[in-house]
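Data from query25.cif: mmCIF, C-alpha atoms and all ligand atoms
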data_data
loop_
_atom_site.label_atom_id
_atom_site.label_comp_id
_atom_site.auth_asym_id
_atom_site.auth_seq_id
_atom_site.Cartn_x
_atom_site.Cartn_y
_atom_site.Cartn_z
CA MET A 6 -14.79 -7.71 20.08
CA ASN A 7 -15.21 -7.96 23.89
CA LYS A 8 -11.70 -6.54 24.39
CA ILE A 9 -12.58 -3.61 22.17
CA ILE A 10 -15.87 -2.96 23.95
CA ASP A 11 -13.92 -2.98 27.24
CA ILE A 12 -11.62 -0.28 25.87
CA PHE A 13 -14.62 1.89 25.00
CA LYS A 14 -15.95 1.54 28.51
CA LYS A 15 -12.89 3.52 29.61
CA GLN A 16 -13.16 6.30 27.01
CA GLU A 17 -16.11 7.94 25.35
CA SER A 18 -14.92 7.74 21.75
CA ILE A 19 -11.83 7.18 19.58
CA PRO A 20 -10.94 9.01 16.32
CA LEU A 21 -11.37 6.75 13.26
CA ASP A 22 -7.61 6.48 12.55
CA LYS A 23 -6.84 5.40 16.13
CA PHE A 24 -9.68 2.87 15.94
CA ILE A 25 -8.34 1.39 12.66
CA ASN A 26 -4.84 1.28 14.10
CA MET A 27 -6.09 -0.57 17.16
CA VAL A 28 -8.24 -3.18 15.39
CA LEU A 29 -5.62 -3.91 12.71
CA TYR A 30 -2.32 -3.50 14.54
CA ASP A 31 -2.80 -3.81 18.30
CA LYS A 32 -0.03 -6.15 19.51
CA LYS A 33 -2.46 -8.43 21.35
CA PHE A 34 -5.60 -8.57 19.25
CA GLY A 35 -4.90 -6.65 15.99
CA TYR A 36 -6.11 -8.35 12.79
CA TYR A 37 -2.67 -8.36 11.08
CA MET A 38 -0.93 -9.40 14.29
CA LYS A 39 -2.72 -12.69 14.77
CA LYS A 40 -3.48 -14.16 11.36
CA ASN A 41 -2.22 -14.64 7.84
CA PRO A 42 -5.04 -12.99 5.85
CA PHE A 43 -3.74 -13.75 2.33
CA GLY A 44 -4.84 -16.23 -0.33
CA THR A 45 -7.93 -18.23 -1.22
CA GLU A 46 -8.12 -19.71 2.29
CA GLY A 47 -7.72 -16.24 3.84
CA ASP A 48 -9.69 -13.01 3.47
CA PHE A 49 -8.23 -11.47 0.30
CA ILE A 50 -5.68 -12.08 -2.43
CA THR A 51 -3.10 -9.64 -3.78
CA SER A 52 -1.38 -9.34 -7.18
CA PRO A 53 1.92 -11.05 -6.21
CA LEU A 54 -0.07 -14.13 -5.18
CA ILE A 55 -2.08 -14.18 -8.38
CA SER A 56 0.86 -14.39 -10.76
CA ASN A 57 4.67 -14.56 -10.48
CA LEU A 58 4.80 -12.39 -13.57
CA PHE A 59 3.69 -9.42 -11.46
CA GLY A 60 6.95 -9.63 -9.46
CA GLU A 61 8.98 -10.34 -12.58
CA MET A 62 7.75 -7.10 -14.23
CA ILE A 63 8.62 -5.10 -11.12
CA ALA A 64 12.05 -6.72 -10.91
CA VAL A 65 12.82 -5.80 -14.52
CA TRP A 66 11.62 -2.25 -13.81
CA CYS A 67 14.02 -2.00 -10.81
CA VAL A 68 16.96 -3.22 -12.88
CA ALA A 69 16.14 -0.69 -15.61
CA TYR A 70 15.91 2.09 -13.02
CA TRP A 71 19.32 1.12 -11.61
CA GLU A 72 20.77 1.24 -15.14
CA TYR A 73 19.17 4.66 -15.64
CA LEU A 74 20.92 5.87 -12.44
CA GLY A 75 24.26 4.84 -13.98
CA LYS A 76 24.56 1.44 -12.24
CA PRO A 77 25.49 2.72 -8.74
CA LYS A 78 27.59 0.32 -6.61
CA LYS A 79 24.81 0.05 -4.05
CA ILE A 80 21.05 0.04 -4.57
CA ILE A 81 18.55 -0.44 -1.75
CA ILE A 82 15.04 -1.69 -2.35
CA VAL A 83 12.70 -1.00 0.55
CA GLU A 84 9.58 -3.10 0.40
CA LEU A 85 6.83 -1.46 2.42
CA GLY A 86 4.48 -4.04 3.98
CA PRO A 87 5.73 -7.29 2.36
CA GLY A 88 2.71 -9.37 3.48
CA GLU A 89 3.52 -13.06 3.36
CA GLY A 90 6.77 -12.50 1.48
CA SER A 91 6.04 -13.96 -1.97
CA LEU A 92 6.79 -10.80 -3.88
CA CYS A 93 10.24 -10.44 -2.33
CA ASN A 94 11.05 -14.03 -3.26
CA ASN A 95 9.82 -13.46 -6.83
CA LEU A 96 11.91 -10.32 -7.13
CA LEU A 97 15.03 -12.15 -5.95
CA LYS A 98 14.46 -14.95 -8.46
CA THR A 99 14.52 -12.45 -11.34
CA PHE A 100 17.28 -10.27 -9.86
CA LYS A 101 19.60 -13.29 -9.83
CA LYS A 102 19.44 -13.32 -13.64
CA PHE A 103 21.00 -9.81 -13.66
CA LYS A 104 24.38 -10.54 -12.02
CA ALA A 105 25.80 -6.99 -12.01
CA PHE A 106 22.62 -5.62 -10.46
CA TYR A 107 22.38 -8.48 -7.98
CA ASN A 108 25.89 -7.77 -6.69
CA CYS A 109 24.90 -4.19 -5.80
CA LEU A 110 21.56 -5.07 -4.22
CA GLU A 111 20.30 -4.81 -0.66
CA ILE A 112 16.64 -5.39 0.26
CA ASN A 113 15.07 -3.87 3.38
CA LEU A 114 11.67 -5.13 4.49
CA LEU A 115 9.46 -2.90 6.64
CA GLU A 116 6.80 -4.98 8.38
CA ILE A 117 4.74 -4.06 11.43
CA SER A 118 3.30 -7.51 12.17
CA GLY A 119 5.43 -9.95 14.17
CA LYS A 120 3.32 -12.82 12.85
CA LEU A 121 3.90 -11.83 9.19
CA LYS A 122 7.60 -11.15 9.86
CA LYS A 123 7.95 -14.77 11.00
CA ILE A 124 6.21 -16.02 7.85
CA GLN A 125 8.48 -13.81 5.70
CA ASN A 126 11.55 -14.98 7.59
CA ASN A 127 10.71 -18.65 7.01
CA LYS A 128 10.11 -18.04 3.32
CA ILE A 129 12.92 -15.66 2.36
CA LYS A 130 16.34 -17.17 2.90
CA ASN A 131 18.77 -14.69 1.41
CA SER A 132 21.57 -12.69 3.05
CA LYS A 133 20.73 -9.65 0.90
CA VAL A 134 17.44 -9.25 2.76
CA LYS A 135 17.11 -7.63 6.18
CA TRP A 136 14.18 -6.37 8.24
CA ILE A 137 14.02 -2.77 9.39
CA ASN A 138 11.79 -1.17 12.03
CA SER A 139 11.66 2.28 10.51
CA ILE A 140 12.57 3.95 7.23
CA ASN A 141 13.92 6.91 9.24
CA ASN A 142 17.16 5.08 9.93
CA ILE A 143 18.12 4.29 6.32
CA ASN A 144 21.27 6.32 5.80
CA TYR A 145 22.54 5.50 2.34
CA GLY A 146 21.13 4.97 -1.12
CA PRO A 147 19.96 5.29 -3.83
CA ILE A 148 16.69 3.81 -2.56
CA ILE A 149 13.73 2.35 -4.45
CA PHE A 150 10.74 2.51 -2.10
CA PHE A 151 8.24 -0.04 -3.27
CA GLY A 152 4.85 -1.05 -1.90
CA ASN A 153 1.93 -3.14 -3.11
CA GLU A 154 -1.26 -2.44 -1.17
CA PHE A 155 0.73 -0.77 1.59
CA PHE A 156 -0.85 2.69 1.65
CA ASP A 157 -4.41 1.35 1.58
CA SER A 158 -3.72 -0.55 4.78
CA LEU A 159 -2.71 2.57 6.76
CA PRO A 160 -5.22 4.27 9.10
CA ILE A 161 -7.11 7.31 7.82
CA LYS A 162 -9.17 10.07 9.37
CA GLN A 163 -12.47 11.26 7.91
CA ILE A 164 -13.03 14.99 8.16
CA TYR A 165 -16.34 16.72 7.38
CA LYS A 166 -17.07 20.41 6.89
CA LYS A 167 -20.37 21.99 7.94
CA GLY A 168 -20.56 25.73 7.45
CA ASN A 169 -17.23 26.96 8.74
CA LEU A 170 -16.78 24.17 11.22
CA LEU A 171 -14.79 20.95 10.87
CA PHE A 172 -15.86 17.62 12.35
CA GLU A 173 -13.95 14.36 12.65
CA LYS A 174 -15.48 10.89 12.53
CA HIS A 175 -15.08 8.97 15.81
CA VAL A 176 -16.08 5.48 16.90
CA ALA A 177 -18.04 4.99 20.13
CA LEU A 178 -20.07 2.39 21.95
CA SER A 179 -23.67 2.09 20.71
CA ASN A 180 -26.53 2.96 23.05
CA ASN A 181 -27.10 -0.67 24.11
CA LYS A 182 -23.33 -0.90 24.90
CA GLU A 183 -23.00 -4.11 22.87
CA ASN A 184 -21.94 -2.74 19.54
CA LEU A 185 -20.15 0.24 18.01
CA LYS A 186 -21.33 3.34 16.19
CA PHE A 187 -19.89 6.41 14.45
CA LEU A 188 -20.19 9.90 15.86
CA TYR A 189 -18.73 13.27 14.86
CA LYS A 190 -16.65 15.62 16.98
CA LYS A 191 -15.70 19.19 16.31
CA ILE A 192 -11.99 19.72 15.62
CA SER A 193 -9.62 22.59 15.04
CA LYS A 194 -8.29 23.33 11.54
CA LYS A 195 -4.79 22.96 12.98
CA LEU A 196 -5.26 19.18 13.09
CA ILE A 197 -4.96 19.08 9.31
CA GLN A 198 -1.68 19.67 7.55
CA TYR A 199 -1.73 20.73 3.91
CA ASN A 200 -4.98 22.70 4.40
CA ASP A 201 -4.21 24.54 1.17
CA ILE A 202 -4.29 21.41 -0.99
CA ILE A 203 -6.99 19.63 0.93
CA ASN A 204 -9.22 22.62 0.37
CA LEU A 205 -12.53 21.53 1.90
CA SER A 206 -15.35 23.67 0.57
CA SER A 207 -19.12 23.57 0.71
CA SER A 208 -19.22 21.49 -2.48
CA LYS A 209 -16.40 19.17 -1.38
CA ASN A 210 -17.43 18.78 2.20
CA MET A 211 -15.68 15.59 3.30
CA ILE A 212 -12.25 14.15 2.89
CA GLU A 213 -10.42 11.02 3.86
CA TYR A 214 -7.27 12.31 5.42
CA PRO A 215 -4.48 9.69 5.21
CA ILE A 216 -2.66 10.83 8.32
CA GLU A 217 -0.06 8.01 8.43
CA ALA A 218 0.48 7.87 4.67
CA ILE A 219 1.27 11.60 4.73
CA GLU A 220 4.03 10.97 7.28
CA TYR A 221 5.44 8.16 5.10
CA LEU A 222 5.31 10.33 1.97
CA LYS A 223 7.20 13.08 3.79
CA ILE A 224 9.98 10.78 5.05
CA ILE A 225 10.24 9.01 1.69
CA SER A 226 10.56 12.40 -0.06
CA LYS A 227 13.31 13.46 2.35
CA LYS A 228 15.26 10.24 1.78
CA ILE A 229 14.92 10.55 -2.00
CA HIS A 230 16.24 14.12 -1.88
CA LYS A 231 19.15 13.05 0.30
CA PHE A 232 20.20 9.75 -1.27
CA ASN A 233 18.44 9.78 -4.66
CA GLY A 234 15.94 7.12 -5.67
CA CYS A 235 12.20 6.86 -6.16
CA LEU A 236 8.84 5.62 -4.94
CA LEU A 237 6.85 3.01 -6.88
CA ALA A 238 3.46 2.34 -5.28
CA PHE A 239 0.67 -0.01 -6.38
CA ASP A 240 -2.68 0.44 -4.66
CA TYR A 241 -6.37 0.41 -5.29
CA GLY A 242 -7.65 3.92 -5.49
CA TYR A 243 -8.89 6.80 -7.59
CA ILE A 244 -7.26 9.61 -9.53
CA LEU A 245 -10.17 12.05 -9.85
CA ASP A 246 -10.17 14.69 -7.15
CA LYS A 247 -13.44 13.65 -5.54
CA ASN A 248 -14.47 13.41 -1.94
CA GLN A 249 -15.92 10.09 -0.92
CA ASN A 250 -16.24 7.64 1.93
CA THR A 251 -14.25 4.58 0.83
CA LEU A 252 -13.86 2.82 4.16
CA GLN A 253 -14.48 -0.90 3.73
CA SER A 254 -14.17 -4.15 5.57
CA VAL A 255 -13.37 -7.50 3.93
CA MET A 256 -13.50 -11.03 5.29
CA LYS A 257 -13.36 -14.32 3.38
CA HIS A 258 -13.37 -12.37 0.09
CA ARG A 259 -16.65 -10.58 0.91
CA TYR A 260 -17.49 -7.07 2.04
CA LYS A 261 -18.72 -6.79 5.62
CA ASN A 262 -20.24 -4.09 7.75
CA ILE A 263 -17.29 -2.23 9.37
CA PHE A 264 -18.42 -3.18 12.88
CA SER A 265 -19.68 -6.71 12.27
CA GLN A 266 -16.32 -8.53 12.49
CA VAL A 267 -14.02 -6.11 14.29
CA GLY A 268 -10.57 -7.68 14.71
CA ASN A 269 -11.40 -10.58 12.36
CA SER A 270 -11.83 -8.63 9.12
CA ASP A 271 -9.50 -6.31 7.23
CA ILE A 272 -10.36 -2.60 7.17
CA THR A 273 -9.02 -0.55 4.27
CA SER A 274 -9.76 2.55 2.23
CA LEU A 275 -9.07 3.52 -1.35
CA VAL A 276 -5.99 5.65 -1.99
CA ASN A 277 -6.75 9.21 -3.10
CA PHE A 278 -4.02 9.40 -5.75
CA ALA A 279 -4.78 13.03 -6.60
CA LEU A 280 -4.01 13.96 -3.00
CA PHE A 281 -0.85 11.79 -2.91
CA ASN A 282 0.29 13.50 -6.10
CA LYS A 283 -0.21 16.96 -4.58
CA ILE A 284 1.59 16.02 -1.35
CA LEU A 285 4.57 14.59 -3.21
CA ARG A 286 4.74 17.68 -5.40
CA LYS A 287 4.62 19.88 -2.28
CA ASN A 288 7.64 17.87 -1.12
CA ASN A 289 9.42 18.73 -4.37
CA LEU A 290 9.14 15.38 -6.08
CA ASN A 291 8.10 14.81 -9.64
CA VAL A 292 5.11 12.49 -10.14
CA LYS A 293 5.25 11.88 -13.84
CA LYS A 294 1.91 10.22 -14.36
CA ILE A 295 -0.37 7.87 -12.44
CA VAL A 296 -1.35 4.90 -14.59
CA THR A 297 -3.58 1.87 -14.13
CA GLN A 298 -2.03 -1.47 -13.21
CA ARG A 299 -3.04 -2.72 -16.66
CA GLU A 300 -1.19 0.08 -18.46
CA PHE A 301 1.93 -0.41 -16.36
CA LEU A 302 2.10 -4.19 -16.72
CA GLN A 303 1.35 -4.06 -20.44
CA LYS A 304 4.01 -1.43 -21.04
CA MET A 305 6.44 -3.61 -19.08
CA GLY A 306 5.71 -6.41 -21.56
CA ILE A 307 3.76 -8.88 -19.41
CA LEU A 308 1.89 -10.27 -22.44
CA GLU A 309 5.03 -10.69 -24.55
CA ARG A 310 6.73 -12.46 -21.63
CA ALA A 311 3.70 -14.73 -21.20
CA ASN A 312 3.80 -15.60 -24.92
CA ILE A 313 7.45 -16.65 -24.62
CA LEU A 314 6.79 -18.73 -21.50
CA SER A 315 3.72 -20.34 -23.05
CA GLN A 316 5.76 -21.95 -25.82
CA LYS A 317 7.09 -24.56 -23.39
CA MET A 318 3.89 -25.06 -21.42
CA THR A 319 1.19 -27.69 -21.42
CA PHE A 320 -2.28 -26.52 -22.44
CA LYS A 321 -3.42 -26.66 -18.80
CA SER A 322 -0.55 -24.51 -17.43
CA LYS A 323 -0.92 -22.08 -20.30
CA ALA A 324 -4.64 -21.64 -19.58
CA ASN A 325 -3.85 -21.15 -15.89
CA MET A 326 -1.19 -18.51 -16.63
CA TYR A 327 -3.46 -16.49 -18.94
CA TYR A 328 -6.38 -16.76 -16.52
CA ARG A 329 -4.16 -15.23 -13.81
CA ILE A 330 -2.85 -12.49 -16.09
CA LYS A 331 -6.44 -11.63 -16.97
CA ARG A 332 -7.17 -11.10 -13.26
CA LEU A 333 -4.31 -8.61 -13.08
CA LEU A 334 -5.20 -6.75 -16.29
CA ASP A 335 -8.96 -6.92 -16.85
CA SER A 336 -10.88 -3.72 -16.13
CA ARG A 337 -13.58 -5.74 -14.33
CA GLU A 338 -10.93 -7.23 -12.04
CA MET A 339 -7.72 -5.52 -10.86
CA GLY A 340 -6.62 -3.83 -14.10
CA ASP A 341 -8.29 -0.44 -13.66
CA LEU A 342 -9.06 -0.22 -9.97
CA PHE A 343 -5.37 -0.59 -9.13
CA LYS A 344 -3.16 2.36 -9.96
CA VAL A 345 0.60 2.80 -10.06
CA LEU A 346 2.31 5.93 -8.83
CA PHE A 347 5.95 6.72 -9.56
CA ALA A 348 7.73 9.65 -7.92
CA GLN A 349 11.32 10.71 -8.47
CA LYS A 350 13.44 13.85 -8.01
CA LYS A 351 12.33 16.96 -9.93
CA ASP A 352 15.03 16.49 -12.58
CA GLY A 353 14.40 12.71 -12.93
CA LYS A 354 13.67 11.56 -16.46
CA PHE A 355 12.94 7.86 -15.95
CA SER A 356 9.58 6.91 -17.48
CA LEU A 357 9.54 3.14 -18.14
CA GLY A 358 6.03 1.75 -17.63
CA PHE A 359 4.39 5.22 -17.53
C1 LIG A 401 -2.66 -5.37 2.43
S1 LIG A 401 -1.17 -6.04 3.01
C2 LIG A 401 -0.21 -6.12 1.48
C3 LIG A 401 0.85 -7.19 1.55
C4 LIG A 401 1.74 -7.40 0.33
N1 LIG A 401 2.42 -6.20 -0.07
C5 LIG A 401 0.98 -8.00 -0.83
O1 LIG A 401 0.81 -7.31 -1.84
O2 LIG A 401 0.55 -9.16 -0.73
C6 LIG A 401 -0.43 -4.71 3.91
C7 LIG A 401 0.91 -5.02 4.49
O3 LIG A 401 1.46 -3.86 5.11
C8 LIG A 401 1.85 -4.14 6.46
N2 LIG A 401 1.77 -2.88 7.21
C9 LIG A 401 0.68 -2.14 7.46
N3 LIG A 401 0.99 -1.01 8.16
C10 LIG A 401 2.32 -1.04 8.33
C11 LIG A 401 3.25 -0.15 8.94
N4 LIG A 401 2.87 0.98 9.53
N5 LIG A 401 4.56 -0.48 8.90
C12 LIG A 401 4.96 -1.63 8.31
N6 LIG A 401 4.13 -2.52 7.73
C13 LIG A 401 2.83 -2.23 7.72
C14 LIG A 401 0.87 -5.23 6.86
O4 LIG A 401 1.24 -5.92 8.01
C15 LIG A 401 0.90 -6.08 5.60
O5 LIG A 401 2.07 -6.84 5.51
#
The structure given in the file should be rewritten as structure tokens.
Ligand SMILES: C[S@@+](CC[C@H](N)C(=O)[O-])C[C@H]1O[C@@H](n2cnc3c(N)ncnc32)[C@H](O)[C@@H]1O
Amino acid sequence: MNKIIDIFKKQESIPLDKFINMVLYDKKFGYYMKKNPFGTEGDFITSPLISNLFGEMIAVWCVAYWEYLGKPKKIIIVELGPGEGSLCNNLLKTFKKFKAFYNCLEINLLEISGKLKKIQNNKIKNSKVKWINSINNINYGPIIFFGNEFFDSLPIKQIYKKGNLLFEKHVALSNNKENLKFLYKKISKKLIQYNDIINLSSSKNMIEYPIEAIEYLKIISKKIHKFNGCLLAFDYGYILDKNQNTLQSVMKHRYKNIFSQVGNSDITSLVNFALFNKILRKNNLNVKKIVTQREFLQKMGILERANILSQKMTFKSKANMYYRIKRLLDSREMGDLFKVLFAQKKDGKFSLGF
């Protein structure tokens, strides 16, 4: 926190997105750069760590998509933000059962954190996997862009409208110079792309503007148009076109005040899926439907698969497996809050899981 307060002594205020970027991803003191936040001992847990069946369902989906494309000789899976690497390992385990697919496979991992890259590197020992620094440089395909809780970890802006004027949320030093506070600064309309779809009005007078996610969606769309492929994204978020402040901070599995543990807690926001849908459509992609994680996993047959596996399990392992599946599917846990978005080319007809 002291390092951050020092930074504010040099500048009056920082836009919210720059602040999030700094506290999460600064090379020296960023949250994701210095610790492994995952699991019961960490700050939060994600679906791949709850059950291996999550990865198995996604692997089967990828194989089916490759078959739908006519079994191309090469297929690239780009995992966006692979965390501590478990999902990639789970995918590989299932992919190996589909020999023809496995022979055509290449996996690219995009990870910003050097600390997490090391953890991934120690865990994933497979020559089909390589790390990339940018998705801009991928120059062949088809490509399946995949991310679990990637977009919710990207910095956002918050824009407010008052009368005809726009204001942006900034972070500044509090009056006693020991803590932080929010303040609002007037901005020009030009700062916002996609003004037509964002459409701030007097009734919808604030929006979370996912400035980095928008750049990713644009590059991903370009790559899909050029090399064919798709985007499959799992994230917590909402589908209804509402305007809300969803910024949150989590540490040791509990919500915190945004400024109480700066640098030691995760800061995220919910994904506005309605906005993502509109942006992808503007970029000429087809978003068939956005479904809940429960719908997707059930349509992929997670319960049937669990029933098969359970036949050879002890009572204790069976109970453990179903308890974990319940966490993924139950509406009071991750089942409804998490949504799945699938985007493909306009003429794409693939619909498994949706
Ligand atoms: C919330 S974690 C999700 C991790 C993992 N997918 C899972 O489900 O357990 C977000 C991941 O995205 C990575 N990340 C965030 N911003 C990134 C960026 N701009 N480029 C690459 N990786 C990024 C983080 O370091 C982290 O690995």
Ligand LIG 401 (chain A): which residues are within 8 Å, counting only C-alpha atoms and all ligand atoms, as a count of residues only?
34
Give me, as an MDAnalysis selection string, all polymer residues having an atom no more than 10 Å from A:Lys133, counting all atoms listed in the file and skipping those fewer than 5 positions away in the same chain.
chainID A and resid 81 97 107:113
Pull the closest atom pair for each residue of stretch 131-233 of chain A that gets at most 12 Å from stretch 277-283 of chain A, along with the distance in Å to one decimal, counting only C-alpha atoms, ordering rows by chain and then ascending residue number, as a Markdown table.
| residue | atom | partner | partner_atom | distance |
| --- | --- | --- | --- | --- |
| A:Phe156 | CA | A:Asn277 | CA | 10.0 |
| A:Asp157 | CA | A:Asn277 | CA | 9.4 |
| A:Ile161 | CA | A:Asn277 | CA | 11.1 |
| A:Tyr199 | CA | A:Lys283 | CA | 9.4 |
| A:Asn200 | CA | A:Leu280 | CA | 11.5 |
| A:Asp201 | CA | A:Lys283 | CA | 10.3 |
| A:Ile202 | CA | A:Lys283 | CA | 7.0 |
| A:Ile203 | CA | A:Leu280 | CA | 7.5 |
| A:Asn204 | CA | A:Leu280 | CA | 10.7 |
| A:Ile212 | CA | A:Asn277 | CA | 9.5 |
| A:Glu213 | CA | A:Asn277 | CA | 8.1 |
| A:Tyr214 | CA | A:Asn277 | CA | 9.1 |
| A:Pro215 | CA | A:Asn277 | CA | 8.6 |
| A:Ile216 | CA | A:Phe281 | CA | 11.4 |
| A:Glu217 | CA | A:Phe281 | CA | 12.0 |
| A:Ala218 | CA | A:Phe281 | CA | 8.6 |
| A:Ile219 | CA | A:Phe281 | CA | 7.9 |
| A:Glu220 | CA | A:Phe281 | CA | 11.3 |
| A:Tyr221 | CA | A:Phe281 | CA | 10.8 |
| A:Leu222 | CA | A:Phe281 | CA | 8.0 |
| A:Lys223 | CA | A:Phe281 | CA | 10.6 |
| A:Ser226 | CA | A:Phe281 | CA | 11.8 |
Need to verify the contact set: A:Glu173, 10 Å, only C-alpha atoms, exclusion of same-chain residues closer than 4 positions in sequence. Can you return it as a list of chain:residue names?
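The residues satisfying every condition are A:Pro20, A:Leu21, A:Lys162, A:Gln163, A:Ile164, A:Tyr165, A:Lys166, A:Leu188, A:Tyr189, A:Lys190, A:Lys191, A:Ile192, A:Ser193, A:Leu196, A:Met211, A:Ile212.
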Can you list, as a PyMOL selection string, every protein, DNA or RNA residue that comes within 9 Å of A:Met256 when you count all atoms listed in the file, leaving out same-chain residues fewer than 5 positions away?
chain A and resi 42+47-49+261+266+269-271
Write the selection just made, keeping C-alpha atoms, as a JSON list (two decimals), in the coordinates of the input?
[["chain", "number", "residue", "atom", "x", "y", "z"],
["A", 42, "PRO", "CA", -5.04, -12.99, 5.85],
["A", 47, "GLY", "CA", -7.72, -16.24, 3.84],
["A", 48, "ASP", "CA", -9.69, -13.01, 3.47],
["A", 49, "PHE", "CA", -8.23, -11.47, 0.30],
["A", 261, "LYS", "CA", -18.72, -6.79, 5.62],
["A", 266, "GLN", "CA", -16.32, -8.53, 12.49],
["A", 269, "ASN", "CA", -11.40, -10.58, 12.36],
["A", 270, "SER", "CA", -11.83, -8.63, 9.12],
["A", 271, "ASP", "CA", -9.50, -6.31, 7.23]]
Distance of atom CA of A:Glu17 from atom CA of A:Lys195, expressed in Å to one decimal place:
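Here the two named atoms are 22.5 Å from each other.
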Please list, as a ChimeraX atom specification, the residues that have an atom at most 9 Å away from (-19.2, -0.8, 17.2) in the coordinates of this file, counting all atoms listed in the file.
/A:6,9-10,176-179,182-187,263-265,267
Quote the spacing between atom CA of A:Gly268 and atom CA of A:Leu252 in Å to one decimal place.
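Separation of atom CA of A:Gly268 and atom CA of A:Leu252: 15.2 Å.
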One decimal, in Å: what's the spacing between atom CA of A:Ser254 and atom CA of A:Ile25?
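Between these atoms lies a distance of 10.7 Å.
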